[in-house]
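Everything below belongs to target.pdb, which stores PDB, C-alpha atoms.
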```pdb
ATOM      1  CA  MET F   1     -33.475 144.111  53.292
ATOM      2  CA  LYS F   2     -33.743 145.796  49.933
ATOM      3  CA  LEU F   3     -30.052 146.662  50.107
ATOM      4  CA  LEU F   4     -29.130 143.041  50.922
ATOM      5  CA  ILE F   5     -31.054 141.774  47.908
ATOM      6  CA  GLN F   6     -29.310 144.298  45.663
ATOM      7  CA  ILE F   7     -25.906 143.207  46.988
ATOM      8  CA  LEU F   8     -26.665 139.481  46.457
ATOM      9  CA  LEU F   9     -27.954 140.185  42.964
ATOM     10  CA  PHE F  10     -24.794 142.126  42.145
ATOM     11  CA  LEU F  11     -22.590 139.313  43.429
ATOM     12  CA  PHE F  12     -24.564 136.714  41.418
ATOM     13  CA  ILE F  13     -24.287 138.759  38.204
ATOM     14  CA  SER F  14     -20.565 139.259  38.848
ATOM     15  CA  TYR F  15     -20.158 135.490  39.294
ATOM     16  CA  LEU F  16     -21.964 134.703  36.031
ATOM     17  CA  THR F  17     -19.934 137.337  34.209
ATOM     18  CA  GLY F  18     -16.752 135.857  35.636
ATOM     19  CA  CYS F  19     -17.720 132.309  34.545
ATOM     20  CA  SER F  20     -18.644 133.535  31.111
ATOM     21  CA  SER F  21     -15.376 135.424  30.889
ATOM     22  CA  ASN F  22     -13.400 132.356  31.993
ATOM     23  CA  LYS F  23     -15.134 130.106  29.443
ATOM     24  CA  LYS F  24     -14.534 132.669  26.719
ATOM     25  CA  SER F  25     -10.916 132.942  27.816
ATOM     26  CA  ASP F  26     -10.519 129.118  27.715
ATOM     27  CA  ILE F  27     -12.018 128.917  24.214
ATOM     28  CA  GLU F  28      -9.805 131.764  22.990
ATOM     29  CA  SER F  29      -6.796 130.052  24.593
ATOM     30  CA  ILE F  30      -7.519 126.832  22.678
ATOM     31  CA  ASN F  31      -8.224 128.647  19.424
ATOM     32  CA  ASN F  32      -5.011 130.633  19.699
ATOM     33  CA  LYS F  33      -2.972 127.443  20.041
ATOM     34  CA  LYS F  34      -1.759 125.589  16.988
ATOM     35  CA  PRO F  35      -2.769 121.904  16.747
ATOM     36  CA  GLU F  36       0.857 120.807  16.539
ATOM     37  CA  ILE F  37       1.622 122.556  19.845
ATOM     38  CA  MET F  38      -1.407 120.969  21.484
ATOM     39  CA  TYR F  39      -0.353 117.583  20.109
ATOM     40  CA  SER F  40       3.139 118.019  21.615
ATOM     41  CA  GLU F  41       1.542 118.830  24.966
ATOM     42  CA  ALA F  42      -0.680 115.758  24.736
ATOM     43  CA  LEU F  43       2.305 113.563  23.913
ATOM     44  CA  PHE F  44       4.190 114.999  26.881
ATOM     45  CA  GLU F  45       1.352 113.925  29.186
ATOM     46  CA  PHE F  46       1.219 110.507  27.525
ATOM     47  CA  GLU F  47       4.957 109.906  27.833
ATOM     48  CA  ASN F  48       4.756 110.793  31.528
ATOM     49  CA  ASN F  49       1.979 108.226  32.017
ATOM     50  CA  ASN F  50      -0.638 110.905  32.675
ATOM     51  CA  TYR F  51      -3.087 109.019  30.497
ATOM     52  CA  GLU F  52      -6.270 110.753  31.611
ATOM     53  CA  LYS F  53      -4.759 114.154  30.915
ATOM     54  CA  ALA F  54      -3.383 112.920  27.587
ATOM     55  CA  ILE F  55      -6.808 111.576  26.572
ATOM     56  CA  GLU F  56      -8.351 114.935  27.444
ATOM     57  CA  LYS F  57      -5.837 116.809  25.283
ATOM     58  CA  PHE F  58      -6.091 114.398  22.341
ATOM     59  CA  ASN F  59      -9.867 114.790  22.446
ATOM     60  CA  GLU F  60      -9.484 118.601  22.478
ATOM     61  CA  ILE F  61      -7.412 118.448  19.291
ATOM     62  CA  ASP F  62      -9.949 116.186  17.610
ATOM     63  CA  LEU F  63     -12.807 118.485  18.664
ATOM     64  CA  ASN F  64     -11.235 121.840  17.753
ATOM     65  CA  PHE F  65      -9.143 120.906  14.709
ATOM     66  CA  PRO F  66     -11.030 117.971  13.101
ATOM     67  CA  LEU F  67      -9.493 118.508   9.650
ATOM     68  CA  SER F  68      -5.874 118.597  10.798
ATOM     69  CA  SER F  69      -3.450 115.713  10.495
ATOM     70  CA  GLU F  70      -2.942 116.061  14.263
ATOM     71  CA  ALA F  71      -6.618 115.167  14.735
ATOM     72  CA  ILE F  72      -6.143 111.846  12.917
ATOM     73  CA  GLN F  73      -2.949 111.190  14.839
ATOM     74  CA  SER F  74      -4.798 112.021  18.061
ATOM     75  CA  LYS F  75      -7.435 109.425  17.200
ATOM     76  CA  ILE F  76      -4.645 106.854  16.738
ATOM     77  CA  MET F  77      -3.052 107.845  20.047
ATOM     78  CA  LEU F  78      -6.406 107.541  21.805
ATOM     79  CA  ALA F  79      -6.700 103.986  20.474
ATOM     80  CA  PHE F  80      -3.102 103.257  21.520
ATOM     81  CA  THR F  81      -3.784 104.606  25.019
ATOM     82  CA  HIS F  82      -6.674 102.160  25.355
ATOM     83  CA  TYR F  83      -4.346  99.406  24.115
ATOM     84  CA  ILE F  84      -1.646  99.987  26.723
ATOM     85  CA  GLN F  85      -4.336 100.137  29.414
ATOM     86  CA  LEU F  86      -5.470  96.678  28.231
ATOM     87  CA  GLU F  87      -8.819  98.059  27.041
ATOM     88  CA  TYR F  88      -8.638  96.103  23.797
ATOM     89  CA  ASP F  89     -12.284  96.287  22.734
ATOM     90  CA  ALA F  90     -12.338 100.094  23.070
ATOM     91  CA  SER F  91      -9.096 100.301  21.102
ATOM     92  CA  ILE F  92     -10.411  98.056  18.304
ATOM     93  CA  ILE F  93     -13.568 100.178  17.938
ATOM     94  CA  LYS F  94     -11.492 103.352  17.494
ATOM     95  CA  LEU F  95      -9.043 101.670  15.103
ATOM     96  CA  GLU F  96     -11.838 100.335  12.902
ATOM     97  CA  LYS F  97     -13.373 103.827  12.695
ATOM     98  CA  ILE F  98     -10.023 105.203  11.541
ATOM     99  CA  ILE F  99      -9.662 102.452   8.915
ATOM    100  CA  ASN F 100     -13.163 103.133   7.562
ATOM    101  CA  ARG F 101     -12.840 106.925   7.610
ATOM    102  CA  TYR F 102      -9.215 107.409   6.510
ATOM    103  CA  PRO F 103      -8.306 104.447   4.262
ATOM    104  CA  SER F 104      -5.591 106.456   2.484
ATOM    105  CA  TYR F 105      -3.929 107.891   5.570
ATOM    106  CA  LYS F 106      -0.130 107.678   5.401
ATOM    107  CA  ASP F 107       0.171 105.582   8.569
ATOM    108  CA  ILE F 108      -2.860 103.376   7.972
ATOM    109  CA  ASP F 109      -0.599 100.284   7.961
ATOM    110  CA  TYR F 110       0.152 100.982  11.622
ATOM    111  CA  VAL F 111      -3.579 101.186  12.378
ATOM    112  CA  TYR F 112      -4.148  97.745  10.828
ATOM    113  CA  TYR F 113      -1.149  96.404  12.749
ATOM    114  CA  MET F 114      -2.431  97.801  16.058
ATOM    115  CA  LYS F 115      -5.819  96.190  15.466
ATOM    116  CA  ALA F 116      -4.084  92.829  14.910
ATOM    117  CA  MET F 117      -2.047  93.317  18.083
ATOM    118  CA  CYS F 118      -5.226  93.943  20.105
ATOM    119  CA  TYR F 119      -6.478  90.499  19.060
ATOM    120  CA  TYR F 120      -3.039  88.911  19.473
ATOM    121  CA  GLU F 121      -2.678  90.084  23.083
ATOM    122  CA  GLN F 122      -5.941  88.359  23.966
ATOM    123  CA  VAL F 123      -4.756  84.955  22.735
ATOM    124  CA  GLU F 124      -3.169  84.646  26.192
ATOM    125  CA  ASN F 125      -6.608  83.876  27.615
ATOM    126  CA  PRO F 126      -6.902  80.067  27.209
ATOM    127  CA  GLU F 127     -10.702  80.124  27.230
ATOM    128  CA  LEU F 128     -10.765  82.475  24.227
ATOM    129  CA  ASP F 129      -7.823  81.082  22.261
ATOM    130  CA  GLY F 130      -9.888  79.804  19.359
ATOM    131  CA  LYS F 131     -11.718  83.072  18.694
ATOM    132  CA  TYR F 132      -8.770  85.432  19.074
ATOM    133  CA  ASN F 133      -6.379  83.129  17.239
ATOM    134  CA  VAL F 134      -8.606  83.358  14.174
ATOM    135  CA  LEU F 135      -9.180  87.132  14.439
ATOM    136  CA  ALA F 136      -5.486  87.857  15.008
ATOM    137  CA  LEU F 137      -4.499  85.595  12.120
ATOM    138  CA  GLN F 138      -6.957  87.341   9.782
ATOM    139  CA  SER F 139      -5.740  90.778  10.865
ATOM    140  CA  PHE F 140      -2.020  90.006  10.504
ATOM    141  CA  ASN F 141      -2.750  88.527   7.074
ATOM    142  CA  GLU F 142      -4.374  91.856   6.168
ATOM    143  CA  VAL F 143      -1.208  93.733   7.158
ATOM    144  CA  SER F 144       0.981  91.295   5.250
ATOM    145  CA  ASN F 145      -1.182  91.292   2.102
ATOM    146  CA  LEU F 146      -2.226  94.961   1.960
ATOM    147  CA  PHE F 147       1.140  96.407   2.992
ATOM    148  CA  PRO F 148       3.866  93.937   1.929
ATOM    149  CA  ASN F 149       6.545  96.669   2.051
ATOM    150  CA  SER F 150       5.482  98.034   5.428
ATOM    151  CA  LYS F 151       7.880  97.915   8.363
ATOM    152  CA  TYR F 152       5.130  95.989  10.175
ATOM    153  CA  ALA F 153       4.849  93.277   7.494
ATOM    154  CA  ARG F 154       7.766  91.167   8.711
ATOM    155  CA  ASP F 155       6.600  91.089  12.320
ATOM    156  CA  SER F 156       3.105  90.278  11.081
ATOM    157  CA  GLN F 157       4.460  87.287   9.141
ATOM    158  CA  GLN F 158       6.292  86.031  12.226
ATOM    159  CA  LYS F 159       3.137  86.402  14.310
ATOM    160  CA  ILE F 160       1.213  84.446  11.638
ATOM    161  CA  ILE F 161       3.641  81.525  12.047
ATOM    162  CA  LEU F 162       3.235  81.602  15.834
ATOM    163  CA  LEU F 163      -0.551  81.764  15.584
ATOM    164  CA  LYS F 164      -0.711  78.867  13.147
ATOM    165  CA  GLU F 165       1.521  76.835  15.449
ATOM    166  CA  ASN F 166      -0.761  77.686  18.347
ATOM    167  CA  MET F 167      -3.806  76.586  16.366
ATOM    168  CA  ALA F 168      -2.084  73.335  15.410
ATOM    169  CA  ALA F 169      -1.213  72.728  19.066
ATOM    170  CA  LYS F 170      -4.851  73.226  20.009
ATOM    171  CA  HIS F 171      -5.980  70.663  17.412
ATOM    172  CA  MET F 172      -3.362  68.228  18.731
ATOM    173  CA  SER F 173      -4.567  68.699  22.292
ATOM    174  CA  ILE F 174      -8.211  68.113  21.356
ATOM    175  CA  GLY F 175      -7.217  65.159  19.186
ATOM    176  CA  MET F 176      -5.395  63.543  22.109
ATOM    177  CA  PHE F 177      -8.450  64.051  24.315
ATOM    178  CA  TYR F 178     -10.614  62.203  21.782
ATOM    179  CA  LEU F 179      -7.979  59.496  21.295
ATOM    180  CA  ASN F 180      -7.810  58.829  25.038
ATOM    181  CA  GLN F 181     -11.612  58.540  25.019
ATOM    182  CA  LYS F 182     -11.317  56.103  22.089
ATOM    183  CA  LYS F 183     -13.397  58.429  19.922
ATOM    184  CA  TYR F 184     -11.235  57.588  16.955
ATOM    185  CA  LEU F 185     -13.102  59.361  14.170
ATOM    186  CA  SER F 186     -13.243  62.661  16.080
ATOM    187  CA  ALA F 187      -9.543  62.374  16.865
ATOM    188  CA  LEU F 188      -8.750  61.519  13.246
ATOM    189  CA  ARG F 189     -10.462  64.713  12.020
ATOM    190  CA  ARG F 190      -8.360  66.865  14.342
ATOM    191  CA  TYR F 191      -5.072  65.271  13.326
ATOM    192  CA  GLN F 192      -6.040  65.485   9.657
ATOM    193  CA  LYS F 193      -6.645  69.247  10.108
ATOM    194  CA  VAL F 194      -3.100  69.669  11.374
ATOM    195  CA  ILE F 195      -1.740  67.804   8.344
ATOM    196  CA  ASP F 196      -3.939  69.616   5.794
ATOM    197  CA  GLU F 197      -4.063  73.157   7.215
ATOM    198  CA  HIS F 198      -0.734  73.432   9.061
ATOM    199  CA  SER F 199       1.640  71.488   6.845
ATOM    200  CA  GLN F 200       4.665  73.523   8.018
ATOM    201  CA  SER F 201       3.963  72.876  11.680
ATOM    202  CA  LYS F 202       6.324  70.951  13.935
ATOM    203  CA  PHE F 203       3.287  68.871  14.973
ATOM    204  CA  VAL F 204       2.814  67.207  11.566
ATOM    205  CA  PRO F 205       5.050  64.148  12.291
ATOM    206  CA  GLU F 206       3.156  63.432  15.504
ATOM    207  CA  ALA F 207      -0.191  63.949  13.744
ATOM    208  CA  LEU F 208       0.805  61.358  11.116
ATOM    209  CA  HIS F 209       1.850  58.932  13.851
ATOM    210  CA  ARG F 210      -1.482  59.394  15.621
ATOM    211  CA  LEU F 211      -3.235  58.510  12.379
ATOM    212  CA  VAL F 212      -1.180  55.302  12.249
ATOM    213  CA  GLU F 213      -2.328  54.549  15.808
ATOM    214  CA  ILE F 214      -5.967  55.221  14.950
ATOM    215  CA  TYR F 215      -5.941  53.158  11.754
ATOM    216  CA  TYR F 216      -4.211  50.321  13.591
ATOM    217  CA  SER F 217      -6.782  50.457  16.420
ATOM    218  CA  LEU F 218      -9.602  50.334  13.872
ATOM    219  CA  GLY F 219      -8.021  47.349  12.125
ATOM    220  CA  MET F 220      -7.259  49.392   8.983
ATOM    221  CA  ILE F 221      -3.763  47.985   8.627
ATOM    222  CA  GLU F 222      -3.217  49.007   4.999
ATOM    223  CA  GLU F 223      -4.149  52.618   5.785
ATOM    224  CA  ALA F 224      -1.797  52.510   8.761
ATOM    225  CA  LYS F 225       1.027  51.227   6.511
ATOM    226  CA  LYS F 226       0.408  53.941   3.894
ATOM    227  CA  THR F 227       0.422  56.694   6.533
ATOM    228  CA  ALA F 228       3.590  55.292   8.109
ATOM    229  CA  SER F 229       5.210  55.316   4.650
ATOM    230  CA  VAL F 230       4.368  59.010   4.242
ATOM    231  CA  LEU F 231       5.797  59.666   7.705
ATOM    232  CA  GLY F 232       8.956  57.698   6.950
ATOM    233  CA  TYR F 233       9.457  59.396   3.570
ATOM    234  CA  ASN F 234       9.090  62.947   4.877
ATOM    235  CA  TYR F 235      10.468  62.546   8.402
ATOM    236  CA  PRO F 236      12.770  59.502   8.361
ATOM    237  CA  LYS F 237      14.713  60.597  11.461
ATOM    238  CA  SER F 238      11.660  61.519  13.512
ATOM    239  CA  LYS F 239      10.958  59.633  16.733
ATOM    240  CA  TRP F 240       7.330  59.468  15.598
ATOM    241  CA  TYR F 241       8.346  57.351  12.617
ATOM    242  CA  SER F 242      10.122  54.980  15.002
ATOM    243  CA  TYR F 243       6.971  54.708  17.111
ATOM    244  CA  SER F 244       4.827  54.004  14.037
ATOM    245  CA  TYR F 245       7.345  51.441  12.764
ATOM    246  CA  ASN F 246       7.239  49.656  16.139
ATOM    247  CA  ILE F 247       3.438  49.462  16.046
ATOM    248  CA  LEU F 248       3.434  47.901  12.580
ATOM    249  CA  ASP F 249       6.420  45.694  13.352
ATOM    250  CA  THR F 250       4.586  44.363  16.428
ATOM    251  CA  ASN F 251       1.577  43.650  14.264
ATOM    252  CA  LYS F 252       3.813  41.804  11.790
ATOM    253  CA  SER F 253       5.331  39.736  14.604
ATOM    254  CA  LYS F 254       1.864  38.844  15.872
ATOM    255  CA  ASN F 255       0.842  37.682  12.401
ATOM    256  CA  ASN F 256       4.052  35.633  12.059
ATOM    257  CA  ASN F 257       3.491  34.026  15.466
ATOM    258  CA  LEU F 258      -0.089  33.222  14.526
ATOM    259  CA  PHE F 259       1.136  31.710  11.241
ATOM    260  CA  LYS F 260       3.717  29.625  13.141
ATOM    261  CA  LYS F 261       1.054  28.378  15.561
ATOM    262  CA  ILE F 262      -1.164  27.293  12.670
ATOM    263  CA  LEU F 263       1.759  25.464  10.999
ATOM    264  CA  ASN F 264       2.668  23.731  14.256
ATOM    265  CA  LYS F 265      -0.924  22.612  14.775
ATOM    266  CA  ILE F 266      -1.119  21.244  11.228
ATOM    267  CA  SER F 267       2.182  19.374  11.731
ATOM    268  CA  SER F 268       0.970  17.955  15.035
ATOM    269  CA  ASN F 269      -2.284  16.689  13.470
ATOM    270  CA  ASN F 270      -0.377  15.050  10.621
ATOM    271  CA  GLU F 271       1.854  13.214  13.082
ATOM    272  CA  ASN F 272      -1.210  11.896  14.904
TER     273      ASN F 272
END
```

Structure rendered as structure tokens:
Amino acid sequence: MKLLIQILLFLFISYLTGCSSNKKSDIESINNKKPEIMYSEALFEFENNNYEKAIEKFNEIDLNFPLSSEAIQSKIMLAFTHYIQLEYDASIIKLEKIINRYPSYKDIDYVYYMKAMCYYEQVENPELDGKYNVLALQSFNEVSNLFPNSKYARDSQQKIILLKENMAAKHMSIGMFYLNQKKYLSALRRYQKVIDEHSQSKFVPEALHRLVEIYYSLGMIEEAKKTASVLGYNYPKSKWYSYSYNILDTNKSKNNNLFKKILNKISSNNEN
């Protein structure tokens, strides 16, 4: 029995020594590697879609060589890995930490651009359009304003145009909902937003026409005429100007017919 205990104790000590030796060997193996070699290995895993392994290796670089440029680049790649896995919130958190900690980093324009893209990708969700439209627009404006010579500036400007058009379309859709409900003032505010805040949008001619409709429905004929004049001056060949002209022309015909009826009645009374 005593011999058995001694054997088990020996085996246990040998096991602990082996574990300790393995851990020490692993640490020495990491320390003996250069961060650039480890980064190449991490990229290899990433490019082969072994994302979990890549994340592990990027984290190792960040942990063991925190002051190296590879550590910063690893942080960026970790955020990008979250991005391509559609984990946008996790990616944004990491990107914001990089922006706050390394504002002068040579590729910081890319970090800002990636943050904007995380918001932009989520615009696809119709229930969250309003929120992510605004956040993406703000973020792309940051890229465009802070880094006007960046290779990401041009794409950011194009995305800004698309986002603004999307926002204008949303206002138009809500405006039409209110118009169909005959909530004219609420509809008017939406169409006015398109005209004031999205003056380059393709929806401006229709927004002006809808104002003509609203003013006409409210009996504000002079306001309708003024708005139609603006529409005709700026978009003379637009179908929306034709529609507005027809509304006002119909109104003019009604007034003429009413005038004719009054004249006929007066003539008839005089004959009697």

Tyr243 in chain F surroundings by only C-alpha atoms, 12 Å radius, close-in-sequence under 3 positions cut, as JSON, numbers by chain
{"F": [205, 206, 208, 209, 210, 211, 212, 213, 228, 231, 232, 236, 237, 238, 239, 240, 246, 247, 248, 249, 250]}

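Taken over the whole file, the PyMOL selection byres ((chain F and resi 65) around 12) covers exactly Ile30, Asn31, Asn32, Lys33, Lys34, Pro35, Glu36, Met38, Tyr39, Lys57, Phe58, Asn59, Glu60, Ile61, Asp62, Leu63, Asn64, Pro66, Leu67, Ser68, Ser69, Glu70, Ala71, Ile72, Gln73, Ser74 and Lys75 of chain F.
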
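Take the candidates F:Ile214, F:Val204, F:Met172, F:Val111 and check each one against Tyr184 in chain F using all atoms listed in the file; the shortest distance goes to F:Ile214.
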
Residues picked by the PyMOL selection byres ((chain F and resi 154-167) around 12) here, as a ChimeraX atom specification?
/F:109-110,112-117,119-124,126,129-153,168-174,190-191,193-195,197-204

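Atom to atom, CA of Ala224 in chain F and CA of Leu185 in chain F stand 14.3 Å apart.
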
Quick one: residues within 10 Å of range 87-91 of chain F, all atoms listed in the file counted, chain neighbours fewer than 2 positions away excluded, as a PyMOL selection string?
chain F and resi 76-85+93-96+114-115+117-119+121-122

From the coordinates I just gave you, please extract range 142-162 of chain F so that only N, CA and C atoms remain, then output it as a PDB file, in the first residue's frame.
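Once everything was written out, this is out_15.pdb:
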```pdb
ATOM      1  N   GLU F 142     -17.552  62.313 -41.237  1.00  0.00           N
ATOM      2  CA  GLU F 142     -16.286  62.389 -40.503  1.00  0.00           C
ATOM      3  C   GLU F 142     -15.117  61.994 -41.399  1.00  0.00           C
ATOM      4  N   VAL F 143     -15.272  60.899 -42.119  1.00  0.00           N
ATOM      5  CA  VAL F 143     -14.215  60.440 -43.039  1.00  0.00           C
ATOM      6  C   VAL F 143     -13.933  61.508 -44.082  1.00  0.00           C
ATOM      7  N   SER F 144     -15.000  62.028 -44.676  1.00  0.00           N
ATOM      8  CA  SER F 144     -14.866  63.022 -45.739  1.00  0.00           C
ATOM      9  C   SER F 144     -14.235  64.318 -45.243  1.00  0.00           C
ATOM     10  N   ASN F 145     -14.612  64.754 -44.039  1.00  0.00           N
ATOM     11  CA  ASN F 145     -14.118  66.033 -43.513  1.00  0.00           C
ATOM     12  C   ASN F 145     -12.729  65.927 -42.878  1.00  0.00           C
ATOM     13  N   LEU F 146     -12.488  64.835 -42.147  1.00  0.00           N
ATOM     14  CA  LEU F 146     -11.205  64.681 -41.450  1.00  0.00           C
ATOM     15  C   LEU F 146     -10.089  64.201 -42.375  1.00  0.00           C
ATOM     16  N   PHE F 147     -10.474  63.440 -43.412  1.00  0.00           N
ATOM     17  CA  PHE F 147      -9.465  62.862 -44.305  1.00  0.00           C
ATOM     18  C   PHE F 147      -9.851  63.087 -45.773  1.00  0.00           C
ATOM     19  N   PRO F 148      -9.893  64.352 -46.200  1.00  0.00           N
ATOM     20  CA  PRO F 148     -10.357  64.652 -47.569  1.00  0.00           C
ATOM     21  C   PRO F 148      -9.489  64.039 -48.667  1.00  0.00           C
ATOM     22  N   ASN F 149      -8.219  63.742 -48.352  1.00  0.00           N
ATOM     23  CA  ASN F 149      -7.315  63.159 -49.350  1.00  0.00           C
ATOM     24  C   ASN F 149      -7.183  61.646 -49.218  1.00  0.00           C
ATOM     25  N   SER F 150      -7.955  61.066 -48.327  1.00  0.00           N
ATOM     26  CA  SER F 150      -7.901  59.621 -48.110  1.00  0.00           C
ATOM     27  C   SER F 150      -8.499  58.878 -49.298  1.00  0.00           C
ATOM     28  N   LYS F 151      -8.028  57.656 -49.507  1.00  0.00           N
ATOM     29  CA  LYS F 151      -8.595  56.834 -50.586  1.00  0.00           C
ATOM     30  C   LYS F 151     -10.023  56.388 -50.259  1.00  0.00           C
ATOM     31  N   TYR F 152     -10.433  56.602 -49.004  1.00  0.00           N
ATOM     32  CA  TYR F 152     -11.801  56.247 -48.604  1.00  0.00           C
ATOM     33  C   TYR F 152     -12.759  57.441 -48.682  1.00  0.00           C
ATOM     34  N   ALA F 153     -12.217  58.630 -48.977  1.00  0.00           N
ATOM     35  CA  ALA F 153     -13.048  59.842 -48.980  1.00  0.00           C
ATOM     36  C   ALA F 153     -14.079  59.819 -50.113  1.00  0.00           C
ATOM     37  N   ARG F 154     -13.645  59.393 -51.282  1.00  0.00           N
ATOM     38  CA  ARG F 154     -14.562  59.410 -52.439  1.00  0.00           C
ATOM     39  C   ARG F 154     -15.737  58.453 -52.242  1.00  0.00           C
ATOM     40  N   ASP F 155     -15.426  57.241 -51.780  1.00  0.00           N
ATOM     41  CA  ASP F 155     -16.514  56.287 -51.529  1.00  0.00           C
ATOM     42  C   ASP F 155     -17.432  56.797 -50.432  1.00  0.00           C
ATOM     43  N   SER F 156     -16.848  57.459 -49.436  1.00  0.00           N
ATOM     44  CA  SER F 156     -17.657  58.032 -48.358  1.00  0.00           C
ATOM     45  C   SER F 156     -18.626  59.077 -48.900  1.00  0.00           C
ATOM     46  N   GLN F 157     -18.151  59.906 -49.821  1.00  0.00           N
ATOM     47  CA  GLN F 157     -19.003  60.946 -50.417  1.00  0.00           C
ATOM     48  C   GLN F 157     -20.144  60.326 -51.224  1.00  0.00           C
ATOM     49  N   GLN F 158     -19.844  59.239 -51.920  1.00  0.00           N
ATOM     50  CA  GLN F 158     -20.896  58.555 -52.686  1.00  0.00           C
ATOM     51  C   GLN F 158     -21.933  57.925 -51.754  1.00  0.00           C
ATOM     52  N   LYS F 159     -21.450  57.374 -50.652  1.00  0.00           N
ATOM     53  CA  LYS F 159     -22.364  56.775 -49.668  1.00  0.00           C
ATOM     54  C   LYS F 159     -23.235  57.868 -49.028  1.00  0.00           C
ATOM     55  N   ILE F 160     -22.666  59.046 -48.824  1.00  0.00           N
ATOM     56  CA  ILE F 160     -23.429  60.172 -48.256  1.00  0.00           C
ATOM     57  C   ILE F 160     -24.606  60.521 -49.167  1.00  0.00           C
ATOM     58  N   ILE F 161     -24.361  60.558 -50.472  1.00  0.00           N
ATOM     59  CA  ILE F 161     -25.426  60.853 -51.440  1.00  0.00           C
ATOM     60  C   ILE F 161     -26.527  59.796 -51.358  1.00  0.00           C
ATOM     61  N   LEU F 162     -26.129  58.534 -51.301  1.00  0.00           N
ATOM     62  CA  LEU F 162     -27.108  57.443 -51.221  1.00  0.00           C
ATOM     63  C   LEU F 162     -27.921  57.512 -49.928  1.00  0.00           C
TER      64      LEU F 162
END
```
